[in-house]
>>> print(open('entry35.cif').read())   # mmCIF, C-alpha atoms
data_input
#
loop_
_atom_site.group_PDB
_atom_site.id
_atom_site.type_symbol
_atom_site.label_atom_id
_atom_site.label_comp_id
_atom_site.auth_asym_id
_atom_site.auth_seq_id
_atom_site.Cartn_x
_atom_site.Cartn_y
_atom_site.Cartn_z
ATOM 1 C CA MET A 203 19.254 -14.528 -12.701
ATOM 2 C CA THR A 204 18.608 -16.260 -9.367
ATOM 3 C CA THR A 205 20.055 -14.486 -6.383
ATOM 4 C CA GLY A 206 18.794 -16.715 -3.593
ATOM 5 C CA VAL A 207 15.983 -18.746 -2.083
ATOM 6 C CA VAL A 208 13.459 -18.524 0.728
ATOM 7 C CA GLU A 209 14.593 -20.880 3.450
ATOM 8 C CA GLU A 210 11.809 -20.315 5.995
ATOM 9 C CA ILE A 211 8.811 -18.040 6.604
ATOM 10 C CA TYR A 212 7.628 -16.792 10.013
ATOM 11 C CA VAL A 213 4.542 -14.848 11.084
ATOM 12 C CA THR A 214 2.742 -14.029 14.291
ATOM 13 C CA SER A 215 -0.627 -12.351 14.733
ATOM 14 C CA LYS A 216 0.330 -10.243 17.770
ATOM 15 C CA GLY A 217 3.392 -8.339 18.880
ATOM 16 C CA SER A 218 5.625 -10.032 21.450
ATOM 17 C CA THR A 219 4.181 -13.512 20.788
ATOM 18 C CA ALA A 220 6.176 -16.427 19.409
ATOM 19 C CA MET A 221 6.760 -16.522 15.662
ATOM 20 C CA GLU A 222 5.213 -19.465 13.804
ATOM 21 C CA CYS A 223 7.003 -21.169 10.924
ATOM 22 C CA VAL A 224 4.695 -21.582 7.898
ATOM 23 C CA GLU A 225 5.221 -23.171 4.479
ATOM 24 C CA GLU A 226 3.593 -20.285 2.629
ATOM 25 C CA VAL A 227 2.073 -16.879 3.197
ATOM 26 C CA LYS A 228 0.060 -14.413 1.147
ATOM 27 C CA ALA A 229 1.590 -10.958 0.665
ATOM 28 C CA VAL A 230 -0.965 -8.161 0.377
ATOM 29 C CA ALA A 231 -0.824 -4.367 0.396
ATOM 30 C CA GLY A 232 0.508 -3.562 3.858
ATOM 31 C CA GLY A 233 2.366 -6.807 4.573
ATOM 32 C CA LEU A 234 1.910 -10.520 5.066
ATOM 33 C CA GLU A 235 -1.610 -11.746 5.680
ATOM 34 C CA GLY A 236 -2.020 -12.764 9.303
ATOM 35 C CA ASP A 237 1.182 -11.091 10.457
ATOM 36 C CA ARG A 238 1.185 -8.567 13.292
ATOM 37 C CA TYR A 239 2.159 -5.516 11.237
ATOM 38 C CA GLU A 240 -0.342 -6.166 8.452
ATOM 39 C CA GLU A 241 -3.002 -6.563 11.150
ATOM 40 C CA GLY A 242 -1.854 -3.482 13.118
ATOM 41 C CA THR A 243 -1.092 -5.470 16.282
ATOM 42 C CA GLY A 244 2.723 -5.359 16.213
ATOM 43 C CA TYR A 245 4.736 -4.068 19.155
ATOM 44 C CA TRP A 246 6.185 -1.189 17.097
ATOM 45 C CA THR A 247 2.847 -0.252 15.434
ATOM 46 C CA ARG A 248 2.067 2.216 18.205
ATOM 47 C CA TYR A 249 5.371 3.991 17.499
ATOM 48 C CA GLY A 250 4.782 4.164 13.734
ATOM 49 C CA ASP A 251 7.815 1.966 13.000
ATOM 50 C CA VAL A 252 6.210 -0.655 10.784
ATOM 51 C CA CYS A 253 7.946 -2.882 8.275
ATOM 52 C CA GLU A 254 5.569 -4.583 5.870
ATOM 53 C CA VAL A 255 7.924 -7.545 5.379
ATOM 54 C CA THR A 256 11.195 -8.273 7.160
ATOM 55 C CA LEU A 257 13.946 -10.456 5.702
ATOM 56 C CA ILE A 258 17.155 -11.792 7.220
ATOM 57 C CA GLU A 259 20.023 -13.847 5.792
ATOM 58 C CA ALA A 260 20.353 -17.465 6.930
ATOM 59 C CA GLU A 261 24.123 -17.080 6.638
ATOM 60 C CA ASP A 262 24.020 -14.368 9.326
ATOM 61 C CA LEU A 263 21.917 -16.587 11.580
ATOM 62 C CA ASP A 264 24.414 -19.435 11.094
ATOM 63 C CA GLU A 265 27.243 -17.082 12.083
ATOM 64 C CA ILE A 266 25.391 -15.807 15.163
ATOM 65 C CA GLU A 267 24.702 -19.341 16.329
ATOM 66 C CA ARG A 268 28.364 -20.351 15.856
ATOM 67 C CA GLU A 269 29.888 -17.211 17.391
ATOM 68 C CA ALA A 270 27.515 -16.430 20.237
ATOM 69 C CA GLY A 271 25.744 -19.735 20.812
ATOM 70 C CA LEU A 272 22.372 -17.975 20.688
ATOM 71 C CA ARG A 273 19.199 -19.703 19.535
ATOM 72 C CA VAL A 274 18.112 -17.970 16.335
ATOM 73 C CA LYS A 275 16.747 -20.817 14.235
ATOM 74 C CA ASN A 276 13.108 -20.927 15.381
ATOM 75 C CA GLY A 277 11.910 -17.391 14.808
ATOM 76 C CA GLU A 278 13.778 -15.783 17.700
ATOM 77 C CA HIS A 279 15.183 -13.295 15.168
ATOM 78 C CA ARG A 280 11.624 -11.858 14.791
ATOM 79 C CA ARG A 281 11.951 -11.573 10.982
ATOM 80 C CA ASN A 282 9.422 -12.893 8.453
ATOM 81 C CA ILE A 283 11.561 -14.393 5.709
ATOM 82 C CA ILE A 284 14.880 -16.180 6.066
ATOM 83 C CA THR A 285 16.852 -16.066 2.825
ATOM 84 C CA ARG A 286 19.887 -17.994 1.632
ATOM 85 C CA GLY A 287 22.294 -17.039 -1.132
ATOM 86 C CA VAL A 288 21.399 -13.353 -1.443
ATOM 87 C CA ARG A 289 23.104 -10.344 0.140
ATOM 88 C CA LEU A 290 20.037 -8.401 1.249
ATOM 89 C CA HIS A 291 21.849 -5.080 1.605
ATOM 90 C CA ASP A 292 22.853 -5.359 -2.076
ATOM 91 C CA LEU A 293 19.152 -4.979 -2.917
ATOM 92 C CA ARG A 294 19.139 -1.395 -1.622
ATOM 93 C CA GLY A 295 17.142 0.836 -3.949
ATOM 94 C CA ARG A 296 15.831 -2.152 -5.919
ATOM 95 C CA ARG A 297 12.770 -4.259 -6.435
ATOM 96 C CA PHE A 298 13.000 -8.023 -6.250
ATOM 97 C CA ARG A 299 10.726 -10.981 -6.827
ATOM 98 C CA VAL A 300 10.101 -13.528 -4.092
ATOM 99 C CA GLY A 301 7.917 -16.308 -5.469
ATOM 100 C CA GLU A 302 4.848 -14.604 -6.968
ATOM 101 C CA VAL A 303 5.466 -11.358 -5.078
ATOM 102 C CA ILE A 304 7.380 -8.218 -5.983
ATOM 103 C CA LEU A 305 8.957 -6.471 -3.004
ATOM 104 C CA GLU A 306 10.894 -3.225 -2.819
ATOM 105 C CA TYR A 307 13.792 -2.621 -0.441
ATOM 106 C CA ASP A 308 12.686 -0.106 2.190
ATOM 107 C CA ARG A 309 15.474 0.175 4.780
ATOM 108 C CA PRO A 310 17.808 -1.797 7.037
ATOM 109 C CA ARG A 311 16.118 -3.333 10.082
ATOM 110 C CA PRO A 312 18.520 -3.003 12.975
ATOM 111 C CA PRO A 313 17.706 -4.992 16.110
ATOM 112 C CA CYS A 314 16.110 -3.420 19.136
ATOM 113 C CA LYS A 315 16.202 -4.172 22.828
ATOM 114 C CA HIS A 316 12.687 -5.619 22.552
ATOM 115 C CA ILE A 317 14.078 -8.648 20.669
ATOM 116 C CA GLN A 318 16.409 -9.347 23.567
ATOM 117 C CA ASP A 319 13.557 -8.893 26.064
ATOM 118 C CA LEU A 320 11.691 -11.670 24.236
ATOM 119 C CA THR A 321 14.637 -14.022 23.774
ATOM 120 C CA GLU A 322 17.924 -14.065 25.652
ATOM 121 C CA PRO A 323 20.770 -11.747 26.678
ATOM 122 C CA GLY A 324 23.119 -10.890 23.823
ATOM 123 C CA MET A 325 20.531 -11.148 21.027
ATOM 124 C CA THR A 326 20.456 -7.412 20.240
ATOM 125 C CA ARG A 327 24.250 -7.223 20.037
ATOM 126 C CA ALA A 328 24.454 -10.394 17.929
ATOM 127 C CA LEU A 329 22.033 -9.018 15.317
ATOM 128 C CA ARG A 330 23.990 -5.763 14.929
ATOM 129 C CA ARG A 331 26.799 -5.249 12.401
ATOM 130 C CA ARG A 332 24.415 -5.361 9.432
ATOM 131 C CA ARG A 333 22.997 -8.700 10.556
ATOM 132 C CA GLY A 334 19.532 -7.464 11.565
ATOM 133 C CA GLY A 335 18.031 -7.853 8.093
ATOM 134 C CA ILE A 336 15.959 -5.457 6.014
ATOM 135 C CA CYS A 337 12.438 -4.100 5.623
ATOM 136 C CA ALA A 338 10.629 -4.348 2.296
ATOM 137 C CA ARG A 339 7.339 -3.044 0.903
ATOM 138 C CA VAL A 340 4.849 -5.159 -1.033
ATOM 139 C CA VAL A 341 4.593 -3.797 -4.605
ATOM 140 C CA GLU A 342 2.637 -6.720 -6.095
ATOM 141 C CA GLY A 343 0.986 -9.292 -3.873
ATOM 142 C CA GLY A 344 0.708 -13.047 -4.175
ATOM 143 C CA ARG A 345 2.041 -16.176 -2.506
ATOM 144 C CA ILE A 346 5.483 -16.689 -1.016
ATOM 145 C CA ARG A 347 6.487 -20.265 -0.318
ATOM 146 C CA ALA A 348 9.469 -21.898 1.346
ATOM 147 C CA ARG A 349 12.078 -22.728 -1.328
ATOM 148 C CA ASP A 350 10.842 -19.966 -3.699
ATOM 149 C CA GLU A 351 13.523 -18.211 -5.707
ATOM 150 C CA ILE A 352 14.515 -14.636 -4.978
ATOM 151 C CA LEU A 353 15.306 -12.641 -8.109
ATOM 152 C CA ALA A 354 16.687 -9.104 -8.241
ATOM 153 C CA LEU A 355 14.783 -7.048 -10.844
#
>>> encode(input="entry35.cif", output="structure tokens")
Amino acid sequence: MTTGVVEEIYVTSKGSTAMECVEEVKAVAGGLEGDRYEEGTGYWTRYGDVCEVTLIEAEDLDEIEREAGLRVKNGEHRRNIITRGVRLHDLRGRRFRVGEVILEYDRPRPPCKHIQDLTEPGMTRALRRRRGGICARVVEGGRIRARDEILAL
């Protein structure tokens, strides 16, 4: 039963630097290879608030762009995986497959003021109301590619 697809993938090797769109990424214990939180260089690492993998719904980004006119299509959202066709909060308490990888829902990922500091005024408010995405843990590693299916297990 397909629940959605990976629309885009973003990583960055250091906190507070621009996110880079990639066609594929390797998920390993602790996160996405080459990403700031897997490498221990993320902004929130020093506060112990680490998400191995972050996901956000493309439908929410579309809505934010329409409603607020904010740029959220090039990694400004600071999330790793943009999904389409799946309600991420419906995965609460579940494991799900993304390409070769099995992830487990960890918690909601509400926006912080730091996102707005890196982007533009209004970004933190726009990502609220359950539009900030989720955190997930890597259960089984492998490759995640753009256009991979997302399957609830």
>>> atom_distance(input="entry35.cif", atom1="CA of Arg347 in chain A", atom2="CA of Ser218 in chain A")
24.1 Å
>>> resolve_selection(input="entry35.cif", expression="the PyMOL selection byres ((chain A and resi 224-237) around 12)", output="PyMOL selection string")
chain A and resi 208-223+238-245+252-256+276-277+280-284+299-306+337-350
>>> closest_residue(input="entry35.cif", among="A:Arg286, A:Arg297, A:Arg273, A:His279", to="Gly334 in chain A", atoms="all atoms listed in the file")
A:His279
